[in-house]
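Chemist: File follows, structure-v1.tsv with TSV, C-alpha atoms:
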chain	number	residue	atom	x	y	z
A	1475	MET	CA	4.22	-5.89	-27.38
A	1476	SER	CA	1.61	-8.05	-25.64
A	1477	ILE	CA	1.48	-8.38	-21.87
A	1478	ASP	CA	0.88	-11.49	-19.78
A	1479	VAL	CA	-2.41	-10.50	-18.18
A	1480	ALA	CA	-2.78	-13.76	-16.27
A	1481	ALA	CA	0.59	-13.20	-14.60
A	1482	ILE	CA	-0.17	-9.52	-13.92
A	1483	ARG	CA	-3.49	-10.34	-12.25
A	1484	LYS	CA	-1.66	-12.46	-9.67
A	1485	ASP	CA	0.11	-9.29	-8.51
A	1486	PHE	CA	-3.19	-7.65	-7.47
A	1487	PRO	CA	-4.65	-9.27	-4.34
A	1488	LEU	CA	-8.02	-7.52	-4.55
A	1489	LEU	CA	-8.77	-9.16	-7.90
A	1490	ALA	CA	-9.05	-12.51	-6.12
A	1491	ARG	CA	-12.10	-11.24	-4.20
A	1492	THR	CA	-15.70	-12.21	-4.80
A	1493	VAL	CA	-18.64	-9.79	-4.64
A	1494	ASN	CA	-22.18	-11.07	-4.16
A	1495	GLY	CA	-20.82	-14.58	-4.63
A	1496	LYS	CA	-19.31	-13.72	-8.03
A	1497	PRO	CA	-15.67	-13.14	-9.03
A	1498	ILE	CA	-15.03	-9.43	-8.94
A	1499	VAL	CA	-14.85	-7.66	-12.31
A	1500	TYR	CA	-13.29	-4.30	-11.58
A	1501	LEU	CA	-14.10	-1.84	-14.39
A	1502	ASP	CA	-13.87	1.48	-12.54
A	1503	ASN	CA	-10.22	2.25	-13.21
A	1504	ALA	CA	-10.90	5.81	-14.34
A	1505	ALA	CA	-11.98	6.51	-10.75
A	1506	THR	CA	-9.08	4.67	-9.10
A	1507	SER	CA	-6.88	1.71	-9.94
A	1508	GLN	CA	-6.12	-1.37	-7.89
A	1509	LYS	CA	-2.68	-1.72	-6.27
A	1510	PRO	CA	-0.13	-4.46	-6.89
A	1511	GLN	CA	1.27	-6.28	-3.89
A	1512	CYS	CA	4.67	-4.63	-4.35
A	1513	VAL	CA	3.13	-1.17	-3.80
A	1514	ILE	CA	1.22	-2.37	-0.73
A	1515	ASP	CA	4.41	-3.94	0.60
A	1516	ALA	CA	6.44	-0.79	-0.07
A	1517	LEU	CA	4.04	1.30	2.00
A	1518	CYS	CA	4.12	-1.19	4.88
A	1519	GLN	CA	7.90	-1.54	4.64
A	1520	PHE	CA	8.40	2.20	4.84
A	1521	TYR	CA	6.37	2.45	8.04
A	1522	GLN	CA	8.05	-0.62	9.49
A	1523	ALA	CA	11.65	0.29	8.71
A	1524	SER	CA	12.14	3.86	7.46
A	1525	ASN	CA	9.46	6.07	9.01
A	1526	ALA	CA	10.79	9.51	9.94
A	1527	ASN	CA	9.98	13.05	8.89
A	1528	VAL	CA	11.88	14.13	5.80
A	1529	HIS	CA	14.31	17.01	5.26
A	1530	ARG	CA	14.31	18.01	8.92
A	1531	GLY	CA	16.17	15.43	10.94
A	1532	ILE	CA	19.96	15.32	11.10
A	1533	TYR	CA	20.02	11.63	11.94
A	1534	ALA	CA	20.33	8.48	9.86
A	1535	LEU	CA	16.65	7.45	9.81
A	1536	SER	CA	15.45	10.88	8.65
A	1537	GLU	CA	18.17	11.04	6.02
A	1538	GLU	CA	17.12	7.59	4.79
A	1539	ALA	CA	13.46	8.67	4.56
A	1540	THR	CA	14.45	11.85	2.75
A	1541	LEU	CA	16.50	9.89	0.23
A	1542	LEU	CA	13.57	7.55	-0.46
A	1543	TYR	CA	11.19	10.51	-0.82
A	1544	GLU	CA	13.41	12.44	-3.21
A	1545	THR	CA	14.33	9.32	-5.18
A	1546	SER	CA	10.62	8.84	-5.81
A	1547	ARG	CA	10.43	12.43	-7.12
A	1548	GLU	CA	13.24	11.61	-9.55
A	1549	LYS	CA	11.25	8.61	-10.79
A	1550	VAL	CA	8.19	10.79	-11.32
A	1551	ALA	CA	10.17	13.35	-13.30
A	1552	ARG	CA	11.71	10.65	-15.48
A	1553	PHE	CA	8.35	8.94	-16.07
A	1554	ILE	CA	6.75	12.06	-17.55
A	1555	GLY	CA	9.85	13.35	-19.34
A	1556	ALA	CA	10.32	16.36	-17.05
A	1557	PRO	CA	13.72	18.01	-17.50
A	1558	SER	CA	14.43	18.03	-13.75
A	1559	PRO	CA	12.92	16.87	-10.42
A	1560	ARG	CA	12.91	20.57	-9.48
A	1561	SER	CA	9.94	21.00	-11.79
A	1562	THR	CA	7.79	18.38	-10.04
A	1563	VAL	CA	5.77	19.43	-6.98
A	1564	TYR	CA	4.04	16.87	-4.80
A	1565	THR	CA	0.37	17.62	-4.10
A	1566	ARG	CA	-2.52	15.59	-2.71
A	1567	ASN	CA	-4.04	14.90	-6.14
A	1568	THR	CA	-4.73	16.39	-9.59
A	1569	THR	CA	-7.36	18.70	-8.14
A	1570	GLU	CA	-4.94	20.28	-5.69
A	1571	ALA	CA	-2.30	20.61	-8.42
A	1572	ILE	CA	-4.71	22.59	-10.64
A	1573	ASN	CA	-5.81	24.72	-7.70
A	1574	LEU	CA	-2.16	25.45	-6.95
A	1575	VAL	CA	-1.79	26.94	-10.43
A	1576	SER	CA	-5.06	28.84	-10.12
A	1577	HIS	CA	-3.97	30.45	-6.85
A	1578	ALA	CA	-0.22	30.87	-7.23
A	1579	TRP	CA	-0.08	31.73	-10.94
A	1580	GLY	CA	-3.63	32.95	-11.63
A	1581	ARG	CA	-3.91	35.56	-8.87
A	1582	LEU	CA	-0.58	36.98	-9.95
A	1583	ASN	CA	-1.30	37.14	-13.67
A	1584	LEU	CA	-5.04	37.45	-14.37
A	1585	LYS	CA	-7.02	40.67	-14.45
A	1586	ALA	CA	-10.29	42.00	-15.82
A	1587	GLY	CA	-10.42	41.67	-19.61
A	1588	ASP	CA	-8.25	38.53	-19.65
A	1589	GLU	CA	-9.66	35.15	-20.63
A	1590	VAL	CA	-9.16	31.54	-19.61
A	1591	LEU	CA	-10.11	28.88	-22.16
A	1592	ILE	CA	-11.24	25.39	-21.16
A	1593	THR	CA	-13.23	22.74	-23.04
A	1594	GLU	CA	-16.71	21.29	-22.72
A	1595	MET	CA	-15.31	17.88	-21.77
A	1596	GLU	CA	-13.36	18.96	-18.69
A	1597	HIS	CA	-13.63	17.34	-15.27
A	1598	HIS	CA	-14.99	19.73	-12.64
A	1599	SER	CA	-11.45	19.95	-11.24
A	1600	ASN	CA	-10.43	21.72	-14.43
A	1601	ILE	CA	-13.51	23.97	-14.45
A	1602	VAL	CA	-14.29	25.11	-10.92
A	1603	PRO	CA	-10.83	26.53	-10.05
A	1604	TRP	CA	-11.00	28.71	-13.16
A	1605	LEU	CA	-14.60	29.74	-12.43
A	1606	LEU	CA	-13.53	30.90	-8.98
A	1607	LEU	CA	-10.44	32.64	-10.33
A	1608	CYS	CA	-12.40	34.50	-13.00
A	1609	GLN	CA	-15.00	35.58	-10.46
A	1610	GLU	CA	-12.23	36.89	-8.23
A	1611	THR	CA	-10.21	38.70	-10.92
A	1612	GLY	CA	-12.90	39.80	-13.38
A	1613	ALA	CA	-11.47	37.62	-16.13
A	1614	THR	CA	-13.75	35.66	-18.48
A	1615	LEU	CA	-14.01	31.87	-18.75
A	1616	ARG	CA	-14.66	30.52	-22.25
A	1617	SER	CA	-15.06	26.94	-23.46
A	1618	LEU	CA	-14.27	24.99	-26.62
A	1619	PRO	CA	-17.27	22.84	-27.68
A	1620	VAL	CA	-17.39	19.10	-28.29
A	1621	THR	CA	-18.62	17.50	-31.53
A	1622	GLU	CA	-21.30	14.82	-31.78
A	1623	ASP	CA	-18.64	12.10	-31.99
A	1624	GLY	CA	-16.93	13.24	-28.82
A	1625	LEU	CA	-14.00	15.20	-30.24
A	1626	LEU	CA	-13.02	18.78	-29.58
A	1627	ASP	CA	-14.48	21.10	-32.22
A	1628	LEU	CA	-11.18	22.51	-33.44
A	1629	SER	CA	-12.97	24.60	-36.06
A	1630	GLU	CA	-13.90	26.92	-33.18
A	1631	LEU	CA	-10.40	27.11	-31.70
A	1632	ASP	CA	-9.05	30.13	-33.57
A	1633	SER	CA	-12.06	32.25	-32.64
A	1634	LEU	CA	-11.82	31.29	-28.94
A	1635	LEU	CA	-8.05	31.33	-28.51
A	1636	THR	CA	-7.08	35.00	-28.92
A	1637	GLU	CA	-4.62	37.59	-27.68
A	1638	ARG	CA	-6.89	37.99	-24.62
A	1639	THR	CA	-6.35	34.35	-23.61
A	1640	ARG	CA	-3.89	34.00	-20.76
A	1641	LEU	CA	-4.32	30.26	-20.14
A	1642	PHE	CA	-5.68	27.27	-22.05
A	1643	ALA	CA	-6.56	24.42	-19.64
A	1644	VAL	CA	-7.39	21.12	-21.35
A	1645	THR	CA	-7.56	17.44	-20.51
A	1646	GLN	CA	-5.29	15.08	-22.39
A	1647	MET	CA	-7.85	12.29	-22.09
A	1648	SER	CA	-11.52	12.64	-21.19
A	1649	ASN	CA	-12.66	10.73	-18.13
A	1650	VAL	CA	-16.11	10.31	-19.73
A	1651	LEU	CA	-15.56	9.92	-23.47
A	1652	GLY	CA	-12.07	8.47	-23.40
A	1653	THR	CA	-11.16	10.98	-26.12
A	1654	ILE	CA	-7.42	11.50	-26.48
A	1655	ASN	CA	-6.90	15.14	-27.37
A	1656	PRO	CA	-4.08	16.44	-29.62
A	1657	VAL	CA	-2.45	18.29	-26.74
A	1658	ARG	CA	0.84	19.00	-28.50
A	1659	GLU	CA	-1.06	20.87	-31.22
A	1660	LEU	CA	-3.28	22.62	-28.68
A	1661	VAL	CA	-0.30	23.73	-26.57
A	1662	ALA	CA	1.41	25.13	-29.67
A	1663	LYS	CA	-1.77	27.03	-30.57
A	1664	ALA	CA	-1.92	28.52	-27.08
A	1665	HIS	CA	1.71	29.60	-27.21
A	1666	ALA	CA	1.18	31.18	-30.63
A	1667	VAL	CA	-1.19	33.75	-29.08
A	1668	GLY	CA	0.96	34.26	-25.99
A	1669	ALA	CA	-1.08	32.06	-23.64
A	1670	LEU	CA	0.17	29.40	-21.28
A	1671	ALA	CA	-1.14	25.83	-21.41
A	1672	LEU	CA	-2.17	23.57	-18.54
A	1673	VAL	CA	-2.84	19.89	-19.30
A	1674	ASP	CA	-4.91	17.66	-17.00
A	1675	GLY	CA	-3.13	14.31	-17.20
A	1676	ALA	CA	-5.15	12.43	-14.57
A	1677	GLN	CA	-6.50	9.96	-17.15
A	1678	SER	CA	-3.56	9.93	-19.56
A	1679	VAL	CA	-0.46	9.30	-17.45
A	1680	PRO	CA	-1.71	5.90	-16.19
A	1681	HIS	CA	-2.35	4.66	-19.74
A	1682	LEU	CA	-0.19	6.48	-22.30
A	1683	GLU	CA	3.43	7.38	-22.82
A	1684	VAL	CA	3.71	11.00	-21.70
A	1685	ASP	CA	6.57	13.42	-22.34
A	1686	VAL	CA	5.85	16.89	-21.00
A	1687	LYS	CA	8.98	18.34	-22.58
A	1688	GLU	CA	7.96	17.11	-26.02
A	1689	MET	CA	4.37	18.21	-25.35
A	1690	GLY	CA	5.61	21.68	-24.52
A	1691	CYS	CA	3.01	22.36	-21.83
A	1692	ASP	CA	3.61	24.89	-19.08
A	1693	PHE	CA	1.71	22.98	-16.38
A	1694	PHE	CA	0.76	19.30	-16.14
A	1695	ALA	CA	-1.22	17.65	-13.32
A	1696	PHE	CA	-1.90	14.02	-12.40
A	1697	SER	CA	-2.54	11.61	-9.49
A	1698	ALA	CA	-0.85	8.45	-8.21
A	1699	HIS	CA	-3.99	6.52	-7.27
A	1700	LYS	CA	-5.13	6.13	-10.88
A	1701	MET	CA	-1.81	4.56	-11.89
A	1702	LEU	CA	-1.39	1.73	-9.34
A	1703	GLY	CA	-0.12	4.07	-6.62
A	1704	PRO	CA	-1.62	5.04	-3.26
A	1705	THR	CA	-4.20	7.73	-2.63
A	1706	GLY	CA	-3.34	11.15	-1.27
A	1707	ILE	CA	-0.38	11.89	-3.54
A	1708	GLY	CA	-0.43	13.83	-6.81
A	1709	VAL	CA	1.96	15.84	-8.93
A	1710	LEU	CA	2.15	19.24	-10.53
A	1711	TYR	CA	4.78	19.59	-13.22
A	1712	ALA	CA	5.54	23.19	-14.18
A	1713	ARG	CA	8.32	24.89	-16.09
A	1714	GLU	CA	10.96	25.90	-13.56
A	1715	GLU	CA	10.96	29.58	-14.54
A	1716	LEU	CA	7.22	29.71	-13.79
A	1717	LEU	CA	7.65	28.05	-10.41
A	1718	GLU	CA	10.42	30.50	-9.58
A	1719	LYS	CA	8.18	33.52	-10.31
A	1720	MET	CA	5.01	32.24	-8.67
A	1721	GLY	CA	4.30	32.85	-5.01
A	1722	PRO	CA	3.59	30.09	-2.48
A	1723	PHE	CA	0.28	28.26	-2.46
A	1724	LEU	CA	0.20	27.29	1.23
A	1725	GLY	CA	2.21	28.80	4.06
A	1726	GLY	CA	3.76	27.06	7.04
A	1727	GLY	CA	6.64	24.82	7.93
A	1728	GLU	CA	9.02	23.26	5.43
A	1729	MET	CA	8.35	25.74	2.59
A	1730	ILE	CA	10.28	28.56	4.29
A	1731	SER	CA	13.88	29.66	4.26
A	1732	GLU	CA	13.67	32.27	7.03
A	1733	VAL	CA	10.75	33.62	9.04
A	1734	TYR	CA	10.54	36.89	10.96
A	1735	LEU	CA	7.52	38.48	12.56
A	1736	ASP	CA	7.20	40.96	9.71
A	1737	HIS	CA	8.39	38.98	6.66
A	1738	ALA	CA	9.54	35.58	5.41
A	1739	THR	CA	11.55	34.07	2.58
A	1740	TRP	CA	10.89	30.81	0.77
A	1741	LYS	CA	12.78	27.63	0.02
A	1742	ASP	CA	13.94	26.79	-3.47
A	1743	ILE	CA	11.55	24.96	-5.80
A	1744	PRO	CA	9.88	22.54	-5.62
A	1745	TRP	CA	9.83	22.65	-1.80
A	1746	LYS	CA	8.44	26.21	-1.83
A	1747	TYR	CA	5.11	24.59	-2.71
A	1748	GLU	CA	5.20	21.70	-0.21
A	1749	ALA	CA	4.16	23.29	3.09
A	1750	GLY	CA	3.90	21.14	6.17
A	1751	THR	CA	4.77	17.49	6.63
A	1752	PRO	CA	4.50	15.93	3.17
A	1753	ASN	CA	2.86	12.61	2.37
A	1754	PHE	CA	6.27	10.96	2.22
A	1755	ALA	CA	5.17	7.36	2.80
A	1756	ASP	CA	2.73	7.39	-0.11
A	1757	ALA	CA	5.28	9.21	-2.27
A	1758	VAL	CA	7.73	6.35	-1.71
A	1759	ALA	CA	5.07	3.76	-2.62
A	1760	PHE	CA	4.20	5.85	-5.69
A	1761	GLY	CA	7.78	5.40	-6.88
A	1762	VAL	CA	7.32	1.62	-6.67
A	1763	ALA	CA	4.13	1.89	-8.76
A	1764	ILE	CA	6.14	3.73	-11.40
A	1765	ASP	CA	8.77	0.98	-11.29
A	1766	TYR	CA	6.01	-1.57	-11.92
A	1767	LEU	CA	4.59	0.30	-14.91
A	1768	GLU	CA	8.03	0.91	-16.40
A	1769	LYS	CA	8.85	-2.79	-16.15
A	1770	ILE	CA	5.74	-3.65	-18.18
A	1771	GLY	CA	6.17	-0.70	-20.55
A	1772	MET	CA	3.62	1.96	-21.32
A	1773	LYS	CA	3.49	1.02	-25.00
A	1774	ALA	CA	2.39	-2.46	-23.96
A	1775	VAL	CA	-0.19	-1.03	-21.54
A	1776	ARG	CA	-1.61	1.18	-24.27
A	1777	GLN	CA	-1.74	-1.65	-26.81
A	1778	HIS	CA	-3.56	-3.95	-24.39
A	1779	GLU	CA	-6.12	-1.27	-23.60
A	1780	LYS	CA	-6.67	-0.47	-27.28
A	1781	GLU	CA	-7.47	-4.11	-27.91
A	1782	LEU	CA	-9.84	-4.27	-24.93
A	1783	THR	CA	-11.57	-1.04	-25.92
A	1784	ALA	CA	-11.99	-2.14	-29.55
A	1785	TYR	CA	-13.53	-5.39	-28.31
A	1786	ALA	CA	-15.84	-3.58	-25.89
A	1787	LEU	CA	-17.06	-1.19	-28.59
A	1788	ARG	CA	-17.72	-4.13	-30.90
A	1789	VAL	CA	-19.69	-6.28	-28.45
A	1790	LEU	CA	-21.68	-3.36	-27.04
A	1791	GLU	CA	-23.08	-2.82	-30.55
A	1792	ASN	CA	-24.91	-6.12	-30.10
A	1793	VAL	CA	-26.66	-5.05	-26.90
A	1794	GLY	CA	-30.03	-3.58	-27.80
A	1795	GLY	CA	-30.81	-0.08	-26.61
A	1796	VAL	CA	-27.20	0.84	-25.74
A	1797	LYS	CA	-25.80	4.14	-26.99
A	1798	VAL	CA	-22.04	4.56	-26.59
A	1799	PHE	CA	-20.59	8.07	-26.36
A	1800	GLY	CA	-17.26	9.24	-27.69
A	1801	PRO	CA	-15.06	8.44	-30.69
A	1802	PRO	CA	-16.22	5.34	-32.59
A	1803	ASP	CA	-12.79	3.71	-32.64
A	1804	ALA	CA	-10.13	2.70	-30.11
A	1805	VAL	CA	-7.38	4.73	-31.78
A	1806	ARG	CA	-8.71	8.13	-30.72
A	1807	ARG	CA	-9.83	7.06	-27.25
A	1808	GLY	CA	-8.35	5.46	-24.17
A	1809	GLY	CA	-9.80	2.57	-22.18
A	1810	VAL	CA	-13.01	4.36	-21.16
A	1811	VAL	CA	-16.45	3.48	-22.53
A	1812	SER	CA	-19.43	5.53	-21.35
A	1813	PHE	CA	-22.92	4.57	-22.45
A	1814	TRP	CA	-26.65	5.00	-21.91
A	1815	MET	CA	-29.11	2.11	-21.97
A	1816	GLU	CA	-32.59	3.03	-23.14
A	1817	GLY	CA	-35.17	2.63	-20.38
A	1818	VAL	CA	-32.63	1.94	-17.59
A	1819	HIS	CA	-31.09	4.70	-15.49
A	1820	PRO	CA	-27.29	4.29	-15.08
A	1821	HIS	CA	-27.67	4.01	-11.29
A	1822	ASP	CA	-30.08	1.09	-11.68
A	1823	LEU	CA	-27.77	-0.44	-14.24
A	1824	ALA	CA	-24.82	-0.24	-11.87
A	1825	GLN	CA	-26.82	-1.99	-9.14
A	1826	VAL	CA	-27.79	-4.83	-11.47
A	1827	LEU	CA	-24.19	-5.21	-12.59
A	1828	ASP	CA	-23.05	-5.27	-8.97
A	1829	THR	CA	-25.10	-8.42	-8.43
A	1830	GLU	CA	-22.91	-9.98	-11.14
A	1831	GLY	CA	-19.72	-8.82	-9.41
A	1832	VAL	CA	-19.14	-6.05	-11.97
A	1833	CYS	CA	-17.90	-2.67	-10.70
A	1834	ILE	CA	-18.67	0.27	-12.99
A	1835	ARG	CA	-19.24	3.96	-12.33
A	1836	ALA	CA	-22.65	5.56	-12.86
A	1837	GLY	CA	-23.36	9.28	-12.66
A	1838	HIS	CA	-22.16	12.54	-14.15
A	1839	HIS	CA	-18.48	11.66	-13.49
A	1840	CYS	CA	-17.75	15.21	-12.29
A	1841	ALA	CA	-18.48	16.46	-15.80
A	1842	GLN	CA	-21.95	18.00	-15.66
A	1843	PRO	CA	-21.42	20.43	-18.58
A	1844	LEU	CA	-20.50	17.45	-20.76
A	1845	MET	CA	-23.59	15.53	-19.62
A	1846	ARG	CA	-25.71	18.46	-20.79
A	1847	ARG	CA	-23.89	18.40	-24.13
A	1848	LEU	CA	-24.63	14.66	-24.43
A	1849	ARG	CA	-28.26	15.36	-23.46
A	1850	VAL	CA	-28.31	12.76	-20.68
A	1851	PRO	CA	-28.47	13.16	-16.88
A	1852	ALA	CA	-25.72	10.58	-16.37
A	1853	THR	CA	-23.92	7.70	-18.04
A	1854	ALA	CA	-22.71	4.26	-17.10
A	1855	ARG	CA	-18.93	4.02	-17.49
A	1856	ALA	CA	-16.69	0.99	-17.82
A	1857	SER	CA	-12.97	1.76	-17.71
A	1858	PHE	CA	-10.15	-0.69	-18.29
A	1859	TYR	CA	-6.57	-1.18	-17.19
A	1860	LEU	CA	-3.66	-3.54	-17.71
A	1861	TYR	CA	-5.19	-6.33	-15.58
A	1862	ASN	CA	-8.59	-6.46	-17.33
A	1863	THR	CA	-9.58	-9.15	-19.84
A	1864	ARG	CA	-12.02	-9.81	-22.68
A	1865	ASP	CA	-13.77	-12.34	-20.46
A	1866	GLU	CA	-14.56	-9.56	-18.00
A	1867	ILE	CA	-16.08	-7.49	-20.80
A	1868	ASP	CA	-18.23	-10.50	-21.65
A	1869	VAL	CA	-19.44	-10.58	-18.03
A	1870	LEU	CA	-20.27	-6.86	-18.35
A	1871	VAL	CA	-22.31	-7.53	-21.50
A	1872	GLY	CA	-24.09	-10.42	-19.80
A	1873	GLY	CA	-25.03	-8.10	-16.96
A	1874	LEU	CA	-26.39	-5.52	-19.39
A	1875	LYS	CA	-28.59	-8.15	-21.01
A	1876	LYS	CA	-29.82	-9.18	-17.57
A	1877	ALA	CA	-30.74	-5.54	-16.87
A	1878	THR	CA	-32.70	-5.46	-20.12
A	1879	GLU	CA	-34.72	-8.48	-18.99
A	1880	LEU	CA	-35.26	-7.15	-15.47
A	1881	PHE	CA	-36.51	-3.76	-16.62
A	1882	GLY	CA	-38.65	-5.21	-19.38
A	1883	HIS	CA	-36.98	-3.22	-22.13
A	1884	VAL	CA	-37.45	-4.62	-25.61
A	1885	PRO	CA	-35.18	-2.88	-28.12
A	1886	GLY	CA	-37.05	-1.37	-31.05
In structure tokens, how does this file's structure come out?

Modeler:
Amino acid sequence: MSIDVAAIRKDFPLLARTVNGKPIVYLDNAATSQKPQCVIDALCQFYQASNANVHRGIYALSEEATLLYETSREKVARFIGAPSPRSTVYTRNTTEAINLVSHAWGRLNLKAGDEVLITEMEHHSNIVPWLLLCQETGATLRSLPVTEDGLLDLSELDSLLTERTRLFAVTQMSNVLGTINPVRELVAKAHAVGALALVDGAQSVPHLEVDVKEMGCDFFAFSAHKMLGPTGIGVLYAREELLEKMGPFLGGGEMISEVYLDHATWKDIPWKYEAGTPNFADAVAFGVAIDYLEKIGMKAVRQHEKELTAYALRVLENVGGVKVFGPPDAVRRGGVVSFWMEGVHPHDLAQVLDTEGVCIRAGHHCAQPLMRRLRVPATARASFYLYNTRDEIDVLVGGLKKATELFGHVPG
């Protein structure tokens, strides 16, 4: 189940770059992934040969563009195990997908006395929409805590998930800790008390096999740009019966059936939620990114990242003053390693690593409540993907040792 990383790297033109005179070591994949040449070519080819607005034109070019756009939707549905393309709505990103649910489902269903449950490890995109919704409706936002080893504290779940809970919103994989949560179990627990379940799949879909039907979730959100696709295109999966009942999110062209000056009717799903000219070019290129991942196989992607993560955890133990957050093994986490180096702020660390050509993320990673739980202002984060290698992790470790020397830190 191994992958030919050397061959894969040749597909990614940016990886041939140098930064500060050093070969680039791109370890910020949790923020966004690099794009293979076939995806770049697909975007250019669409604009060169097939560019026309979709659904609207009764001429060959528009019909061709529409076919490409909707074929990409079919690929998306298949990739995540959705029962039908009708259940997949194109959005700008994961954030917009979650906000769509907050507005179109939440305003219709939440009231004072109801509760929304999230977790302490959520990205702000899976916190702020629910904060705003609860403020607007009078509902209460509650959170499931995180243990010292970076897992959800499931001992608290039964006391927090009650008959008052209307929605449980949880990440499948933490963008800080890398923790892979038992979402199938969590969804079942939510359903047992009559709540719906929304899963943030921004970090999981690029790296794991995902089957939303088997998972049983009601809503599932993710982005193309973290999984080799272009920016500006994301997906909301939702059960069709929910999409049918929910009202529109945005109003305008394309999402309507008929419009009068005193009322309007809406298109069938999923187009009811895709107001205005959609991002059809990037959607087409997204389909090519899915083709690329399917050709390699998500089991192979996951196995490669497990091996890289296990190696990273092992070698980071030998760097004095480094504290790694999250599960201690690569089985319960994805390819994300966040850490704190004693005596060196993560921002300084990132700058030192940049001189070595190493790209990592430093900051709170849009997860400030989790930073408070970890008792640090920020972390340094290295995140891996299918084109990364052990040699690149060695360069990362060399950069950390250089930072130790520069800042005069002598491990105790």

Chemist: Around all of region 1609-1613 of chain A's listed atoms, make the axis-aligned box with 8 Å on each side and tell me centre and edge lengths in Å to one decimal, as JSON.

Modeler:
{"center_x": -12.6, "center_y": 37.7, "center_z": -12.2, "size_x": 20.8, "size_y": 20.2, "size_z": 23.9}

Chemist: Calculate how many Å separate CA of Glu1594 (chain A) from CA of Gly1808 (chain A), rounding to one decimal.

Modeler: 18.0 Å

Chemist: Using CA of Ile1707 (chain A) and CA of Leu1672 (chain A) as the two end points, give the distance in Å to one decimal.

Modeler: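 Pair CA of Ile1707 (chain A) / CA of Leu1672 (chain A) returns 19.1 Å.
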
Chemist: Hey, which of A:His1681, A:Arg1855, A:Arg1547, A:Lys1663 ends up closest to Ile1770 (chain A)? Count all atoms listed in the file.

Modeler: A:His1681

Chemist: Could you name the residues that touch Val1661 (chain A) at 12 Å or less, counting only C-alpha atoms, but leaving out those on the same chain fewer than 3 positions away, as an MDAnalysis selection string?

Modeler: chainID A and resid 1591 1631 1635 1641:1646 1655:1658 1664:1673 1686:1694

Chemist: Would you tabulate, counting all atoms listed in the file, all residues of region 1610-1657 of chain A that have an atom at most 12 Å from an atom of region 1848-1854 of chain A, showing the closest pair of atoms and their distance in Å to one decimal, sorted by chain then ascending number, as a Markdown table?

Modeler:
| residue | atom | partner | partner_atom | distance |
| --- | --- | --- | --- | --- |
| A:Pro1619 | CA | A:Leu1848 | CA | 11.5 |
| A:Val1620 | CA | A:Leu1848 | CA | 9.3 |
| A:Thr1621 | CA | A:Leu1848 | CA | 9.7 |
| A:Glu1622 | CA | A:Leu1848 | CA | 8.1 |
| A:Asp1623 | CA | A:Leu1848 | CA | 10.0 |
| A:Gly1624 | CA | A:Leu1848 | CA | 9.0 |
| A:Asn1649 | CA | A:Thr1853 | CA | 11.7 |
| A:Val1650 | CA | A:Thr1853 | CA | 8.4 |
| A:Leu1651 | CA | A:Thr1853 | CA | 10.2 |

Chemist: Just the selected residues (C-alpha atoms), exported as a PDB file, keeping the file's coordinate frame, please.

Modeler:
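Final output, saved to result-v5.pdb:
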ATOM      1  CA  PRO A1619     -17.270  22.840 -27.680  1.00  0.00           C
ATOM      2  CA  VAL A1620     -17.390  19.100 -28.290  1.00  0.00           C
ATOM      3  CA  THR A1621     -18.620  17.500 -31.530  1.00  0.00           C
ATOM      4  CA  GLU A1622     -21.300  14.820 -31.780  1.00  0.00           C
ATOM      5  CA  ASP A1623     -18.640  12.100 -31.990  1.00  0.00           C
ATOM      6  CA  GLY A1624     -16.930  13.240 -28.820  1.00  0.00           C
ATOM      7  CA  ASN A1649     -12.660  10.730 -18.130  1.00  0.00           C
ATOM      8  CA  VAL A1650     -16.110  10.310 -19.730  1.00  0.00           C
ATOM      9  CA  LEU A1651     -15.560   9.920 -23.470  1.00  0.00           C
TER      10      LEU A1651
END

Chemist: Residues near Val1513 (chain A), anyone? I mean within 10 Å using only C-alpha atoms, not counting same-chain ones fewer than 3 positions away, as a PyMOL selection string.

Modeler: chain A and resi 1485-1486+1509-1510+1516-1519+1702-1704+1756+1758-1766
